[in-house]
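Listing of work_26.cif; format and content: mmCIF, C-alpha atoms.
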```
data_target
#
loop_
_atom_site.label_atom_id
_atom_site.label_comp_id
_atom_site.auth_asym_id
_atom_site.auth_seq_id
_atom_site.Cartn_x
_atom_site.Cartn_y
_atom_site.Cartn_z
CA MET F 1 116.54 104.44 64.10
CA ASN F 2 113.88 107.11 63.95
CA LYS F 3 111.32 104.50 62.93
CA LYS F 4 112.27 102.32 65.95
CA ALA F 5 111.76 105.24 68.29
CA GLY F 6 108.35 105.83 66.71
CA THR F 7 107.30 102.21 67.32
CA GLY F 8 108.41 102.42 70.95
CA GLU F 9 106.42 105.62 71.38
CA THR F 10 103.26 104.02 69.93
CA LEU F 11 103.65 100.98 72.20
CA LYS F 12 104.12 103.23 75.22
CA ASP F 13 101.05 105.24 74.31
CA ASN F 14 98.91 102.14 74.02
CA LEU F 15 100.33 100.32 77.05
CA ILE F 16 97.89 101.95 79.45
CA TYR F 17 94.95 100.80 77.30
CA LEU F 18 96.29 97.26 77.21
CA ILE F 19 96.75 97.23 81.01
CA LEU F 20 93.21 98.55 81.52
CA LEU F 21 91.84 95.95 79.12
CA VAL F 22 93.65 93.10 80.89
CA ILE F 23 92.38 94.32 84.29
CA PHE F 24 88.86 94.53 82.85
CA PHE F 25 88.99 90.95 81.53
CA ILE F 26 90.39 89.61 84.82
CA ILE F 27 87.65 91.33 86.86
CA MET F 28 84.92 90.12 84.50
CA PHE F 29 86.32 86.58 84.46
CA PHE F 30 86.31 86.35 88.26
CA PHE F 31 82.87 87.97 88.46
CA VAL F 32 81.36 85.38 86.10
CA LEU F 33 83.23 82.56 87.87
CA SER F 34 82.02 83.68 91.31
CA LYS F 35 78.43 83.94 90.06
CA ALA F 36 78.60 80.50 88.43
CA ASN F 37 79.99 78.89 91.60
CA SER F 38 77.94 80.82 94.11
CA ALA F 39 76.15 79.05 96.94
CA SER F 40 72.88 80.83 96.19
CA LEU F 41 72.88 79.71 92.55
CA TRP F 42 73.61 76.07 93.36
CA SER F 43 71.29 75.82 96.35
CA ASP F 44 68.51 77.20 94.14
CA TYR F 45 69.42 74.70 91.42
CA TYR F 46 69.35 71.70 93.79
CA ALA F 47 66.11 72.88 95.45
CA LYS F 48 64.41 73.17 92.05
CA GLU F 49 65.68 69.84 90.76
CA LEU F 50 64.65 68.02 93.95
CA THR F 51 61.19 69.62 93.86
CA LYS F 52 60.76 68.51 90.26
CA VAL F 53 61.87 64.97 91.05
CA ILE F 54 59.56 64.72 94.10
CA ASN F 55 56.58 66.18 92.22
CA ASN F 56 57.03 63.60 89.45
CA ALA F 57 57.57 60.68 91.84
CA LYS F 58 55.09 58.04 92.93
CA PRO F 59 54.81 56.37 96.33
CA ASN F 60 57.47 53.67 96.89
CA ASP F 61 59.89 55.27 94.44
CA GLU F 62 63.49 55.54 95.58
CA VAL F 63 65.49 58.59 94.50
CA THR F 64 69.28 58.78 94.34
CA LEU F 65 71.02 62.04 93.47
CA ASN F 66 74.70 62.81 92.97
CA PHE F 67 75.31 66.03 94.89
CA HIS F 68 79.11 66.23 94.63
CA LYS F 69 79.06 69.86 93.44
CA ALA F 70 76.92 70.81 96.44
CA THR F 71 79.41 69.21 98.86
CA GLU F 72 82.29 71.09 97.26
CA ILE F 73 80.50 74.43 97.66
CA ALA F 74 79.31 73.63 101.18
CA GLN F 75 82.84 72.72 102.26
CA LYS F 76 84.24 75.88 100.65
CA ASN F 77 81.67 77.92 102.58
CA SER F 78 82.35 76.08 105.87
CA VAL F 79 78.93 74.52 106.32
CA PRO F 80 79.48 72.62 109.60
CA SER F 81 77.98 69.27 108.60
CA ILE F 82 77.14 67.60 105.30
CA SER F 83 73.95 66.25 106.82
CA GLU F 84 72.73 69.85 107.08
CA ILE F 85 72.82 70.41 103.30
CA PHE F 86 69.41 68.87 102.56
CA THR F 87 66.48 69.03 104.96
CA PHE F 88 62.96 67.75 104.35
CA ASP F 89 59.92 68.89 106.31
CA ASN F 90 57.07 66.47 105.65
CA SER F 91 54.59 68.46 107.71
CA GLN F 92 54.83 71.42 105.33
CA ASN F 93 55.89 69.57 102.15
CA LYS F 94 59.00 71.69 102.16
CA LEU F 95 62.63 71.02 101.31
CA CYS F 96 65.62 73.23 101.96
CA VAL F 97 69.15 73.26 100.58
CA LYS F 98 71.87 74.91 102.61
CA LEU F 99 75.23 75.63 100.98
CA SER F 100 76.33 78.57 103.11
CA PRO F 101 76.42 78.74 106.92
CA SER F 102 73.68 81.34 107.37
CA ARG F 103 71.33 80.95 104.40
CA GLN F 104 69.23 78.20 102.87
CA THR F 105 66.97 78.00 99.83
CA CYS F 106 63.57 76.41 100.34
CA ARG F 107 60.78 75.27 98.06
CA PHE F 108 57.46 73.47 98.50
CA TYR F 109 56.45 70.32 96.60
CA PHE F 110 52.78 69.81 95.75
CA ASN F 111 52.93 66.01 95.50
CA ASN F 112 51.25 64.82 98.70
CA VAL F 113 53.96 62.39 99.78
CA ASP F 114 56.40 61.93 102.63
CA ILE F 115 60.16 61.81 102.20
CA THR F 116 61.61 59.04 104.34
CA SER F 117 65.03 57.65 105.18
CA PRO F 118 67.20 60.35 103.63
CA GLU F 119 70.71 58.95 103.54
CA ILE F 120 74.03 60.44 102.47
CA ARG F 121 76.87 58.35 101.06
CA ILE F 122 80.22 60.06 100.65
CA ASP F 123 82.79 58.75 98.20
CA ILE F 124 85.51 61.35 97.67
CA SER F 125 87.66 59.18 95.39
CA SER F 126 85.02 58.67 92.70
CA GLU F 127 83.54 62.17 93.05
CA LYS F 128 80.14 60.62 93.76
CA ASN F 129 78.43 61.89 96.87
CA LEU F 130 74.99 60.40 96.84
CA LEU F 131 71.79 61.48 98.52
CA SER F 132 69.08 58.85 98.50
CA PHE F 133 65.59 58.91 99.95
CA GLN F 134 62.30 57.11 99.60
CA ILE F 135 58.92 58.47 98.59
CA LYS F 136 56.09 57.18 100.73
CA GLU F 137 52.38 57.80 100.80
CA LYS F 138 51.49 60.64 103.16
CA THR F 139 50.72 59.49 106.68
CA LYS F 140 47.70 61.28 108.10
CA MET X 1 102.05 121.47 72.07
CA LYS X 2 103.17 118.59 74.29
CA ASN X 3 100.70 119.64 77.00
CA LYS X 4 97.87 119.61 74.48
CA ALA X 5 98.81 116.08 73.39
CA GLN X 6 98.91 114.90 77.01
CA ALA X 7 95.48 116.41 77.68
CA GLY X 8 94.19 114.57 74.61
CA ASN X 9 95.66 111.29 75.86
CA ILE X 10 94.04 111.66 79.29
CA THR X 11 90.69 112.44 77.66
CA MET X 12 90.98 109.28 75.56
CA ILE X 13 91.74 107.19 78.66
CA VAL X 14 88.64 108.58 80.39
CA VAL X 15 86.54 107.73 77.33
CA PHE X 16 88.10 104.23 77.20
CA VAL X 17 87.39 103.61 80.89
CA ALA X 18 83.82 104.88 80.43
CA ILE X 19 83.31 102.41 77.55
CA LEU X 20 84.67 99.55 79.70
CA MET X 21 82.33 100.57 82.54
CA ILE X 22 79.33 100.51 80.19
CA ILE X 23 80.32 97.05 78.88
CA ALA X 24 80.91 95.81 82.46
CA SER X 25 77.51 97.03 83.68
CA GLY X 26 75.88 95.32 80.69
CA ILE X 27 77.60 92.04 81.58
CA VAL X 28 76.71 92.38 85.29
CA ILE X 29 73.04 93.14 84.56
CA GLY X 30 72.83 90.35 81.96
CA ILE X 31 74.43 87.71 84.17
CA SER X 32 72.45 88.69 87.26
CA ALA X 33 69.19 88.57 85.28
CA PHE X 34 70.13 85.20 83.77
CA PHE X 35 71.02 83.55 87.08
CA SER X 36 68.12 84.98 89.08
CA SER X 37 65.41 84.30 86.50
CA GLU X 38 62.63 82.08 87.85
CA ASP X 39 60.52 82.13 84.66
CA ALA X 40 61.81 78.91 83.11
CA PHE X 41 61.26 76.91 86.30
CA ARG X 42 57.79 78.34 86.97
CA LYS X 43 56.83 77.14 83.48
CA THR X 44 58.26 73.67 84.24
CA ASP X 45 56.47 73.64 87.60
CA ALA X 46 53.13 74.45 85.91
CA GLU X 47 53.74 71.75 83.28
CA VAL X 48 54.56 69.11 85.92
CA LEU X 49 51.32 69.90 87.77
CA ASN X 50 49.38 69.85 84.51
CA THR X 51 50.81 66.43 83.55
CA LYS X 52 50.10 65.08 87.03
CA ILE X 53 46.43 66.11 86.86
CA LYS X 54 46.10 64.84 83.29
CA ASN X 55 47.56 61.42 84.19
CA CYS X 56 45.34 61.32 87.26
CA PHE X 57 42.24 61.92 85.10
CA ILE X 58 43.36 59.19 82.68
CA GLU X 59 43.91 56.67 85.48
CA ASN X 60 40.80 57.44 87.56
CA SER X 61 37.12 57.86 86.90
CA VAL X 62 36.19 61.53 87.07
CA SER X 63 32.88 62.50 88.60
CA GLU X 64 31.23 65.84 89.29
CA LYS X 65 31.89 65.58 93.03
CA LEU X 66 35.58 64.90 92.81
CA ASP X 67 38.08 65.97 95.43
CA ILE X 68 40.98 66.74 93.14
CA TYR X 69 43.50 66.87 96.01
CA GLU X 70 42.57 63.43 97.30
CA LEU X 71 42.18 61.87 93.86
CA CYS X 72 45.42 63.22 92.38
CA SER X 73 47.48 63.17 95.61
CA LEU X 74 48.02 66.94 95.71
CA ASN X 75 48.79 68.91 98.84
CA GLU X 76 45.94 71.40 99.18
CA GLU X 77 47.89 73.82 101.34
CA VAL X 78 50.81 74.06 98.89
CA ILE X 79 48.54 74.30 95.84
CA LYS X 80 46.46 77.09 97.36
CA ARG X 81 49.57 79.02 98.35
CA ASN X 82 51.52 78.88 95.09
CA TYR X 83 49.47 77.46 92.22
CA ILE X 84 46.29 77.92 90.23
CA ILE X 85 44.18 75.18 88.67
CA GLU X 86 41.29 75.58 86.25
CA ILE X 87 39.57 72.58 84.71
CA LYS X 88 36.83 72.91 82.14
CA GLN X 89 34.63 70.05 80.98
CA ASN X 90 33.30 70.58 77.45
CA GLY X 91 34.06 74.28 77.80
CA GLU X 92 32.20 74.71 81.09
CA ALA X 93 33.75 75.25 84.53
CA PHE X 94 34.44 71.94 86.28
CA TYR X 95 36.99 72.85 88.94
CA ASN X 96 38.56 76.21 89.61
CA TYR X 97 41.09 77.51 92.09
CA GLY X 98 42.71 80.86 91.33
CA ASP X 99 42.28 83.31 88.50
CA THR X 100 43.70 82.19 85.12
CA GLU X 101 43.46 85.77 83.80
CA LYS X 102 46.63 86.35 85.80
CA CYS X 103 48.49 83.99 83.46
CA LEU X 104 48.60 86.74 80.85
CA LEU X 105 50.88 88.80 83.08
CA GLY X 106 53.16 85.98 84.24
CA ASP X 107 55.92 86.64 81.71
CA GLU X 108 56.28 90.27 82.74
CA ASN X 109 55.76 90.14 86.50
CA GLN X 110 57.01 87.51 88.95
CA ALA X 111 54.00 88.12 91.20
CA PHE X 112 51.78 86.50 88.58
CA PRO X 113 51.79 82.82 87.61
CA ILE X 114 53.18 81.28 84.45
CA CYS X 115 50.68 78.79 83.08
CA SER X 116 50.40 75.63 81.06
CA THR X 117 47.28 74.33 79.27
CA SER X 118 46.45 70.90 77.93
CA THR X 119 43.35 69.07 76.73
CA LEU X 120 42.24 65.54 77.44
CA LYS X 121 39.46 63.53 75.81
CA LYS X 122 37.92 60.87 77.99
CA ASP X 123 34.52 59.15 77.80
CA GLU X 124 33.30 61.58 75.12
CA LYS X 125 34.15 64.49 77.38
CA THR X 126 36.83 67.07 76.69
CA PHE X 127 38.72 68.41 79.67
CA THR X 128 40.80 71.56 79.34
CA ILE X 129 43.32 71.71 82.16
CA THR X 130 45.09 75.00 82.92
CA THR X 131 47.65 75.11 85.70
CA GLY X 132 49.87 77.95 86.81
CA SER X 133 52.77 78.37 89.21
CA ASN X 134 54.00 81.46 90.96
CA GLN X 135 56.26 79.71 93.43
CA LEU X 136 59.61 81.45 93.86
CA SER X 137 62.52 79.99 95.79
CA LYS X 138 62.53 81.25 99.35
CA ILE X 139 65.81 82.32 100.93
CA GLU X 140 65.76 81.73 104.69
CA GLN X 141 68.34 83.03 107.14
CA LYS X 142 69.46 80.30 109.47
#
```

Take the structure in the file and write it out as structure tokens.
Amino acid sequence: MNKKAGTGETLKDNLIYLILLVIFFIIMFFFVLSKANSASLWSDYYAKELTKVINNAKPNDEVTLNFHKATEIAQKNSVPSISEIFTFDNSQNKLCVKLSPSRQTCRFYFNNVDITSPEIRIDISSEKNLLSFQIKEKTK
Amino acid sequence: MKNKAQAGNITMIVVFVAILMIIASGIVIGISAFFSSEDAFRKTDAEVLNTKIKNCFIENSVSEKLDIYELCSLNEEVIKRNYIIEIKQNGEAFYNYGDTEKCLLGDENQAFPICSTSTLKKDEKTFTITTGSNQLSKIEQK
């Protein structure tokens, strides 16, 4: 009986540590999750990948990119229109990715080409939202 | 005696919380540094430019009076804003934009470029191509 009381006492003493530990893990879990799903991280990722693809491309290439993850984040952040996610500025060789209503991430591509006919195809059922565009020789 | 034990317990909780805070700040700093690091991409950027120039030299005839931007389809404005290019022919300066000495500091400071170097042998000439990128993603408010 005395032993049982002792066990209960030990458990009670350590309960506060266990609660603190659980709270710590929950906070850390959500912190890492929010960082990994953040609009800034993914807009930076898409901007870098697109820049790399465009810099490696040659005139008359056609590029198709699955940007399903970007649509999910943009929708979660209430970006008004999907067509606003990717913008290309041929005059400055600049592309921007917008996954939150007030901020966008931009990068410049050094390949002297124009991006033409950007087109978005949405297919929610197959989780394939495709962005396609063509690489054309720069018009002077 | 009971009061003393309680005081000891509270002290241990404070120490425990302090340890958790130290671990949490380590995780926060580590994760923030990992996600915001631009180093890996600047290296890739420099390598892509280097490969593009190398392929361009392989495909085209290279003369002393070359316009590298026209020949290799590079945007002069973007290159001069964010990149450096140094080309040596048989060890002597052939084309140069930017200071490659800065490459040495690229790993420690984001203001300096991270560079990539390659060599190409063509028509009994050896070209050493060094390219560097210090382009960082730009966040714009819109």

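Relative to atom CA of Lys65 of chain X, atom CA of Glu124 of chain X is found at 18.4 Å.
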
Pairwise distance for atom CA of Ser63 of chain X and atom CA of Glu101 of chain X, rounded to one decimal in Å: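 Value for the atom CA of Ser63 of chain X-atom CA of Glu101 of chain X distance: 26.0 Å.
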
Residues returned when the PyMOL selection byres ((chain F) within 9 of (chain X)) runs on this file, as a PyMOL selection string: chain F and resi 13+16-17+20-21+24+28+31-32+35-36+40-41+44+47-48+51-52+55-56+92-93+96+101-113+137-138

Selected residues written out with C-alpha atoms, as an mmCIF file, keeping the file's coordinate frame:
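The result, written out as part.cif:
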```
data_model
loop_
_atom_site.group_PDB
_atom_site.id
_atom_site.type_symbol
_atom_site.label_atom_id
_atom_site.label_comp_id
_atom_site.auth_asym_id
_atom_site.auth_seq_id
_atom_site.Cartn_x
_atom_site.Cartn_y
_atom_site.Cartn_z
ATOM 1 C CA ASP F 13 101.050 105.240 74.310
ATOM 2 C CA ILE F 16 97.890 101.950 79.450
ATOM 3 C CA TYR F 17 94.950 100.800 77.300
ATOM 4 C CA LEU F 20 93.210 98.550 81.520
ATOM 5 C CA LEU F 21 91.840 95.950 79.120
ATOM 6 C CA PHE F 24 88.860 94.530 82.850
ATOM 7 C CA MET F 28 84.920 90.120 84.500
ATOM 8 C CA PHE F 31 82.870 87.970 88.460
ATOM 9 C CA VAL F 32 81.360 85.380 86.100
ATOM 10 C CA LYS F 35 78.430 83.940 90.060
ATOM 11 C CA ALA F 36 78.600 80.500 88.430
ATOM 12 C CA SER F 40 72.880 80.830 96.190
ATOM 13 C CA LEU F 41 72.880 79.710 92.550
ATOM 14 C CA ASP F 44 68.510 77.200 94.140
ATOM 15 C CA ALA F 47 66.110 72.880 95.450
ATOM 16 C CA LYS F 48 64.410 73.170 92.050
ATOM 17 C CA THR F 51 61.190 69.620 93.860
ATOM 18 C CA LYS F 52 60.760 68.510 90.260
ATOM 19 C CA ASN F 55 56.580 66.180 92.220
ATOM 20 C CA ASN F 56 57.030 63.600 89.450
ATOM 21 C CA GLN F 92 54.830 71.420 105.330
ATOM 22 C CA ASN F 93 55.890 69.570 102.150
ATOM 23 C CA CYS F 96 65.620 73.230 101.960
ATOM 24 C CA PRO F 101 76.420 78.740 106.920
ATOM 25 C CA SER F 102 73.680 81.340 107.370
ATOM 26 C CA ARG F 103 71.330 80.950 104.400
ATOM 27 C CA GLN F 104 69.230 78.200 102.870
ATOM 28 C CA THR F 105 66.970 78.000 99.830
ATOM 29 C CA CYS F 106 63.570 76.410 100.340
ATOM 30 C CA ARG F 107 60.780 75.270 98.060
ATOM 31 C CA PHE F 108 57.460 73.470 98.500
ATOM 32 C CA TYR F 109 56.450 70.320 96.600
ATOM 33 C CA PHE F 110 52.780 69.810 95.750
ATOM 34 C CA ASN F 111 52.930 66.010 95.500
ATOM 35 C CA ASN F 112 51.250 64.820 98.700
ATOM 36 C CA VAL F 113 53.960 62.390 99.780
ATOM 37 C CA GLU F 137 52.380 57.800 100.800
ATOM 38 C CA LYS F 138 51.490 60.640 103.160
#
```

Name every residue that the PyMOL selection byres ((chain X and resi 95) around 9) selects in this structure, writing the answer as an mmCIF file with C-alpha atoms, keeping the file's coordinate frame with chains first and numbers rising.
```
data_model
loop_
_atom_site.group_PDB
_atom_site.id
_atom_site.type_symbol
_atom_site.label_atom_id
_atom_site.label_comp_id
_atom_site.auth_asym_id
_atom_site.auth_seq_id
_atom_site.Cartn_x
_atom_site.Cartn_y
_atom_site.Cartn_z
ATOM 1 C CA LEU X 66 35.580 64.900 92.810
ATOM 2 C CA ILE X 68 40.980 66.740 93.140
ATOM 3 C CA ILE X 85 44.180 75.180 88.670
ATOM 4 C CA GLU X 86 41.290 75.580 86.250
ATOM 5 C CA ILE X 87 39.570 72.580 84.710
ATOM 6 C CA LYS X 88 36.830 72.910 82.140
ATOM 7 C CA GLN X 89 34.630 70.050 80.980
ATOM 8 C CA ALA X 93 33.750 75.250 84.530
ATOM 9 C CA PHE X 94 34.440 71.940 86.280
ATOM 10 C CA ASN X 96 38.560 76.210 89.610
ATOM 11 C CA TYR X 97 41.090 77.510 92.090
#
```

Just say which residues the PyMOL selection byres ((chain X and resi 58) around 12) picks in this file, as a CSV table (one decimal) with C-alpha atoms, keeping the file's coordinate frame.
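File produced: expr_22.csv:
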```
chain,number,residue,atom,x,y,z
X,51,THR,CA,50.8,66.4,83.6
X,52,LYS,CA,50.1,65.1,87.0
X,53,ILE,CA,46.4,66.1,86.9
X,54,LYS,CA,46.1,64.8,83.3
X,55,ASN,CA,47.6,61.4,84.2
X,56,CYS,CA,45.3,61.3,87.3
X,57,PHE,CA,42.2,61.9,85.1
X,59,GLU,CA,43.9,56.7,85.5
X,60,ASN,CA,40.8,57.4,87.6
X,61,SER,CA,37.1,57.9,86.9
X,62,VAL,CA,36.2,61.5,87.1
X,71,LEU,CA,42.2,61.9,93.9
X,72,CYS,CA,45.4,63.2,92.4
X,119,THR,CA,43.4,69.1,76.7
X,120,LEU,CA,42.2,65.5,77.4
X,121,LYS,CA,39.5,63.5,75.8
X,122,LYS,CA,37.9,60.9,78.0
X,123,ASP,CA,34.5,59.2,77.8
X,125,LYS,CA,34.2,64.5,77.4
X,126,THR,CA,36.8,67.1,76.7
X,127,PHE,CA,38.7,68.4,79.7
```

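Coordinates place atom CA of Ala39 of chain F at a distance of 9.4 Å from atom CA of Lys76 of chain F.
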
Spatial neighbours of Lys43 of chain X, 12 Å, all atoms listed in the file, chain gap at least 4 places, as a list in words: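 Surrounding residues, per the criterion: Lys52 of chain F; Ser37, Glu38, Asp39, Glu47, Val48, Leu49, Asn50, Tyr83, Cys103, Gly106, Asp107, Gln110, Phe112, Pro113, Ile114, Cys115, Ser116, Thr117, Thr130, Thr131, Gly132, Ser133, Asn134, Gln135 and Leu136 of chain X.
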